Amino acid sequence: MTRTEIEEKVNNFLIEEIEIEEDALDRDALLTKDLGIDSLDFVDIVVIVERTFGFKIKPEEMKDVKTLNDFYNYIETKVNA
């Protein structure tokens, strides 16, 4: 899966499922502060990522994921492993 495909899928579910405004989806946006993703949203994201990309998110692997770009990188690494 290409980086562009990953970004498109992530952006689509953030817009459609988590209800984040499209114009807020900047690569440098902080997931919690700028995008307003809270712990309940994160639970939904875990389920969506599992369904969309076919792997489980491990909380300990997410500790350094702060920005949307970090999240793209994390998914790209897991998908292409």
# chains A, B, ... in the order shown; residues from 1 in each chain; ligands from 1

call {"tool": "residues_around", "arguments": {"residues": "A:Asp70", "least_positions_apart": "4", "cutoff": "12 Å", "atoms": "only C-alpha atoms", "output": "list in words"}}
result
Glu7, Asp26, Arg27, Asp28, Ala29, Leu30, Leu31, Glu61, Met62, Lys63, Asp64, Val65, Lys66, Tyr74, Ile75, Glu76 and Thr77 of chain A

call {"tool": "select_by_dssp", "arguments": {"residues": "stretch 6-58 of chain A", "states": "helix (DSSP H, G or I)", "output": "list of chain:residue names"}}
result
A:Ile6, A:Glu7, A:Glu8, A:Lys9, A:Val10, A:Asn11, A:Asn12, A:Phe13, A:Leu14, A:Ile15, A:Glu16, A:Glu22, A:Asp23, A:Ala24, A:Ser39, A:Leu40, A:Asp41, A:Phe42, A:Val43, A:Asp44, A:Ile45, A:Val46, A:Val47, A:Ile48, A:Val49, A:Glu50, A:Arg51, A:Thr52, A:Phe53

call {"tool": "residues_around", "arguments": {"residues": "A:Glu8", "least_positions_apart": "5", "cutoff": "12 Å", "atoms": "only C-alpha atoms", "output": "PyMOL selection string"}}
result
chain A and resi 1-3+13-16+22+25+52+72

call {"tool": "residues_around", "arguments": {"residues": "stretch 41-46 of chain A", "least_positions_apart": "3", "cutoff": "9 Å", "atoms": "only C-alpha atoms", "output": "PyMOL selection string"}}
result
chain A and resi 13-14+17-18+36-38+49-51+56-57

call {"tool": "closest_residue", "arguments": {"among": "A:Ile6, A:Leu68, A:Ile48, A:Leu35", "to": "A:Ile20", "atoms": "only C-alpha atoms"}}
result
A:Leu35

call {"tool": "atom_distance", "arguments": {"atom1": "atom CA of A:Val79", "atom2": "atom CA of A:Asn11"}}
result
16.3 Å

call {"tool": "residues_around", "arguments": {"residues": "A:Lys78", "least_positions_apart": "5", "cutoff": "9 Å", "atoms": "only C-alpha atoms", "output": "ChimeraX atom specification"}}
result
/A:53,55,73
